[in-house]
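Engineer: My structure file protein_14.txt, compact mmCIF, C-alpha atoms, is below:
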# COMPACT_ATOMS: atom_id res chain seq x y z
CA MET A 1 204.82 36.85 207.45
CA LYS A 2 203.59 36.18 203.93
CA LYS A 3 200.03 37.11 204.97
CA PHE A 4 201.31 40.37 206.42
CA TYR A 5 202.89 41.37 203.09
CA ILE A 6 199.76 40.41 201.17
CA ALA A 7 197.62 42.47 203.56
CA LEU A 8 200.03 45.41 203.32
CA PHE A 9 200.10 45.23 199.52
CA SER A 10 196.28 45.04 199.42
CA LEU A 11 196.03 48.09 201.68
CA PHE A 12 198.37 50.15 199.49
CA PHE A 13 196.52 49.02 196.36
CA PHE A 14 193.16 50.02 197.86
CA ILE A 15 194.48 53.42 198.94
CA SER A 16 195.93 54.09 195.50
CA LEU A 17 192.60 53.26 193.84
CA VAL A 18 190.62 55.51 196.16
CA GLY A 19 193.16 58.34 195.97
CA CYS A 20 193.34 58.37 192.17
CA GLN A 21 189.62 58.65 191.53
CA SER A 22 188.63 61.87 189.86
CA LYS A 23 186.47 64.13 191.92
CA ALA A 24 184.55 67.26 191.04
CA GLU A 25 186.50 70.47 191.25
CA ASP A 26 185.69 73.11 193.82
CA PRO A 27 183.06 75.65 192.74
CA LEU A 28 184.21 78.97 191.31
CA GLU A 29 182.61 82.18 192.53
CA PHE A 30 182.41 85.29 190.35
CA SER A 31 180.89 88.53 191.66
CA GLY A 32 180.46 92.16 190.67
CA GLU A 33 178.29 95.25 190.97
CA THR A 34 177.06 98.23 188.95
CA GLN A 35 174.90 101.18 189.83
CA SER A 36 171.69 99.19 189.31
CA TRP A 37 172.67 95.55 189.90
CA SER A 38 174.85 93.25 191.99
CA ALA A 39 175.50 89.69 190.88
CA THR A 40 177.14 86.48 191.98
CA VAL A 41 177.64 83.44 189.75
CA MET A 42 178.79 80.14 191.22
CA LEU A 43 180.11 77.59 188.72
CA TYR A 44 179.97 73.99 189.86
CA PRO A 45 182.13 71.82 187.60
CA GLY A 46 180.81 68.29 187.83
CA GLU A 47 181.60 64.86 186.55
CA ASN A 48 180.31 63.50 183.24
CA ARG A 49 179.32 66.95 181.89
CA GLU A 50 176.94 67.57 184.81
CA ASP A 51 178.05 71.18 185.25
CA ALA A 52 175.79 73.79 186.83
CA ALA A 53 175.76 77.53 187.50
CA GLN A 54 173.90 79.32 190.28
CA ILE A 55 173.03 82.89 189.27
CA ASN A 56 172.11 85.38 192.00
CA LEU A 57 171.11 88.83 190.78
CA ASN A 58 169.95 91.74 192.97
CA TYR A 59 168.35 94.96 191.77
CA LEU A 60 169.82 97.98 193.57
CA GLY A 61 167.58 100.59 191.98
CA GLY A 62 164.37 102.09 193.30
CA LYS A 63 161.08 100.35 192.55
CA VAL A 64 161.40 96.63 191.92
CA GLU A 65 158.09 96.59 190.02
CA SER A 66 159.53 98.98 187.42
CA VAL A 67 161.98 96.33 186.18
CA GLY A 68 159.39 93.92 184.73
CA ASP A 69 160.69 91.11 182.54
CA PHE A 70 164.42 91.16 181.86
CA GLY A 71 167.05 89.09 180.12
CA ILE A 72 170.63 88.18 180.95
CA ASN A 73 173.64 86.99 178.96
CA LEU A 74 176.74 85.58 180.60
CA ASP A 75 179.98 85.62 178.61
CA THR A 76 183.48 84.58 179.61
CA SER A 77 186.62 86.69 179.27
CA ASN A 78 187.42 84.49 176.23
CA ASN A 79 184.23 85.74 174.51
CA GLN A 80 182.46 82.42 174.93
CA ASN A 81 178.72 82.77 175.39
CA GLY A 82 177.91 80.71 178.45
CA ILE A 83 174.30 81.40 179.44
CA ALA A 84 171.36 83.34 178.03
CA LEU A 85 168.05 83.71 179.90
CA ARG A 86 164.97 85.61 178.78
CA ASP A 87 161.70 86.64 180.42
CA ALA A 88 163.16 86.48 183.92
CA ARG A 89 161.45 88.22 186.84
CA LEU A 90 162.60 89.55 190.18
CA ASN A 91 160.92 88.49 193.41
CA LYS A 92 159.33 91.12 195.69
CA LYS A 93 162.69 91.82 197.35
CA GLY A 94 164.38 92.54 194.02
CA ASN A 95 166.27 89.24 193.82
CA PHE A 96 166.58 86.67 191.06
CA LYS A 97 168.02 83.20 191.68
CA GLU A 98 168.34 80.48 189.09
CA LYS A 99 170.35 77.29 188.79
CA VAL A 100 171.06 76.24 185.21
CA LYS A 101 173.01 73.50 183.49
CA VAL A 102 176.07 74.72 181.63
CA ASP A 103 179.17 73.37 179.96
CA VAL A 104 182.07 74.47 182.17
CA SER A 105 185.02 74.05 179.83
CA LYS A 106 188.65 74.47 180.83
CA ASP A 107 188.62 77.92 179.20
CA VAL A 108 185.80 79.02 181.51
CA ILE A 109 187.56 77.66 184.58
CA LYS A 110 190.70 79.62 183.63
CA SER A 111 188.74 82.86 183.07
CA GLU A 112 189.78 85.79 185.21
CA TYR A 113 186.40 87.45 184.81
CA MET A 114 182.98 87.06 183.21
CA ILE A 115 180.57 89.64 181.81
CA LEU A 116 176.92 89.47 182.85
CA THR A 117 174.73 91.69 180.66
CA VAL A 118 171.31 92.59 182.06
CA LYS A 119 168.70 93.99 179.63
CA TRP A 120 165.49 95.52 180.97
CA ASN A 121 163.10 98.30 179.90
CA ASP A 122 165.20 99.26 176.85
CA ARG A 123 168.24 99.60 179.16
CA SER A 124 171.36 97.47 179.40
CA GLU A 125 174.21 97.19 181.90
CA ASP A 126 177.34 95.04 181.79
CA ILE A 127 178.48 93.70 185.15
CA ILE A 128 182.14 92.62 185.29
CA LEU A 129 182.22 89.54 187.50
CA LYS A 130 185.64 88.78 188.96
CA VAL A 131 186.81 85.58 190.60
CA LYS A 132 186.67 85.72 194.38
Please lay out the structure from this file as structure tokens.

Structural biologist:
Amino acid sequence: MKKFYIALFSLFFFISLVGCQSKAEDPLEFSGETQSWSATVMLYPGENREDAAQINLNYLGGKVESVGDFGINLDTSNNQNGIALRDARLNKKGNFKEKVKVDVSKDVIKSEYMILTVKWNDRSEDIILKVK
């Protein structure tokens, strides 16, 4: 009977250790669209500051070649500058995909929206990205 209680206690102890380990949070998806662009940003909060963001940007305008090099800034609703990329280029289908390392703070996770600013050919558009 004593062995049974020791085994039972060991089982509960093991389960409590496994259950209390911190795990990465689920990814957050933000998306939005303007007349010229549609965008999706996936934030992947990780462990030990290993956070990442997947940026998917699609050009909705006419000729993809007319865009040339462009830049993007990603800001949170708390006015925190999250990501800035320069000299980006679209592929032949008008898509841009990039995975970058970021610092996903608690303020970013609690954001209701983000603002993705795209600058190209002396033009600029702000895309309001809302949480899905």

Engineer: By how many Å are atom CA of Val41 of chain A and atom CA of Ala53 of chain A apart?

Structural biologist: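 Rounded to one decimal, the two atoms are 6.6 Å apart.
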
Engineer: Can you work out the spacing between atom CA of Phe30 of chain A and atom CA of Thr117 of chain A in Å, to one decimal?

Structural biologist: 13.9 Å

Engineer: Give me, please, the distance in Å between atom CA of Thr76 of chain A and atom CA of Leu60 of chain A, quoted to one decimal.

Structural biologist: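 A separation of 23.7 Å between them.
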
Engineer: Quick one: residues within 8 Å of Lys97 of chain A, only C-alpha atoms counted, chain neighbours fewer than 2 positions away excluded, as a list of chain:residue names?

Structural biologist: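 The neighbour list is A:Gln54, A:Ile55, A:Asn56, A:Leu57, A:Asn95, A:Lys99.
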
Engineer: Do you know which residues are at most 12 Å from Lys63 of chain A counting all atoms listed in the file, after dropping those on the same chain fewer than 5 positions away, and could you put them as a PyMOL selection string?

Structural biologist: chain A and resi 36+68+90-94

Engineer: For the residues in that selection, give me C-alpha atoms as an mmCIF file, in the coordinates of the input.

Structural biologist:
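Writing done, so here's selection-v1.cif:
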data_model
loop_
_atom_site.group_PDB
_atom_site.id
_atom_site.type_symbol
_atom_site.label_atom_id
_atom_site.label_comp_id
_atom_site.auth_asym_id
_atom_site.auth_seq_id
_atom_site.Cartn_x
_atom_site.Cartn_y
_atom_site.Cartn_z
ATOM 1 C CA SER A 36 171.690 99.190 189.310
ATOM 2 C CA GLY A 68 159.390 93.920 184.730
ATOM 3 C CA LEU A 90 162.600 89.550 190.180
ATOM 4 C CA ASN A 91 160.920 88.490 193.410
ATOM 5 C CA LYS A 92 159.330 91.120 195.690
ATOM 6 C CA LYS A 93 162.690 91.820 197.350
ATOM 7 C CA GLY A 94 164.380 92.540 194.020
#

Engineer: If you count all atoms listed in the file, which residues fall within 7 Å of Ala52 of chain A, apart from same-chain ones fewer than 5 positions away, as a list in words?

Structural biologist: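 Contacts, in chain order: Leu43, Tyr44, Pro45, Lys99, Val100, Lys101 and Val102 of chain A.
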
Engineer: Which polymer residues, protein or nucleic acid, are no farther than 10 Å from (179.2, 96.8, 191.4), counting all atoms listed in the file, as a PDB file with C-alpha atoms, keeping the file's coordinate frame?

Structural biologist:
ATOM      1  CA  SER A  31     180.890  88.530 191.660  1.00  0.00           C
ATOM      2  CA  GLY A  32     180.460  92.160 190.670  1.00  0.00           C
ATOM      3  CA  GLU A  33     178.290  95.250 190.970  1.00  0.00           C
ATOM      4  CA  THR A  34     177.060  98.230 188.950  1.00  0.00           C
ATOM      5  CA  GLN A  35     174.900 101.180 189.830  1.00  0.00           C
ATOM      6  CA  SER A  36     171.690  99.190 189.310  1.00  0.00           C
ATOM      7  CA  TRP A  37     172.670  95.550 189.900  1.00  0.00           C
ATOM      8  CA  SER A  38     174.850  93.250 191.990  1.00  0.00           C
ATOM      9  CA  ALA A  39     175.500  89.690 190.880  1.00  0.00           C
ATOM     10  CA  LEU A  60     169.820  97.980 193.570  1.00  0.00           C
ATOM     11  CA  ASP A 126     177.340  95.040 181.790  1.00  0.00           C
ATOM     12  CA  ILE A 127     178.480  93.700 185.150  1.00  0.00           C
ATOM     13  CA  ILE A 128     182.140  92.620 185.290  1.00  0.00           C
ATOM     14  CA  LEU A 129     182.220  89.540 187.500  1.00  0.00           C
TER      15      LEU A 129
END

Engineer: I need every residue sitting at most 7 Å from the point (184.2, 81.9, 195.2) (coordinates as in the file, all atoms listed in the file considered), written as a JSON list (two decimals) with C-alpha atoms, keeping the file's coordinate frame.

Structural biologist:
[["chain", "number", "residue", "atom", "x", "y", "z"],
["A", 27, "PRO", "CA", 183.06, 75.65, 192.74],
["A", 28, "LEU", "CA", 184.21, 78.97, 191.31],
["A", 29, "GLU", "CA", 182.61, 82.18, 192.53],
["A", 30, "PHE", "CA", 182.41, 85.29, 190.35],
["A", 42, "MET", "CA", 178.79, 80.14, 191.22],
["A", 131, "VAL", "CA", 186.81, 85.58, 190.60],
["A", 132, "LYS", "CA", 186.67, 85.72, 194.38]]

Engineer: With distances taken over only C-alpha atoms, which of A:Gly46, A:Arg89, A:Val118, A:Glu125 is nearest to Ile72 of chain A?

Structural biologist: A:Val118
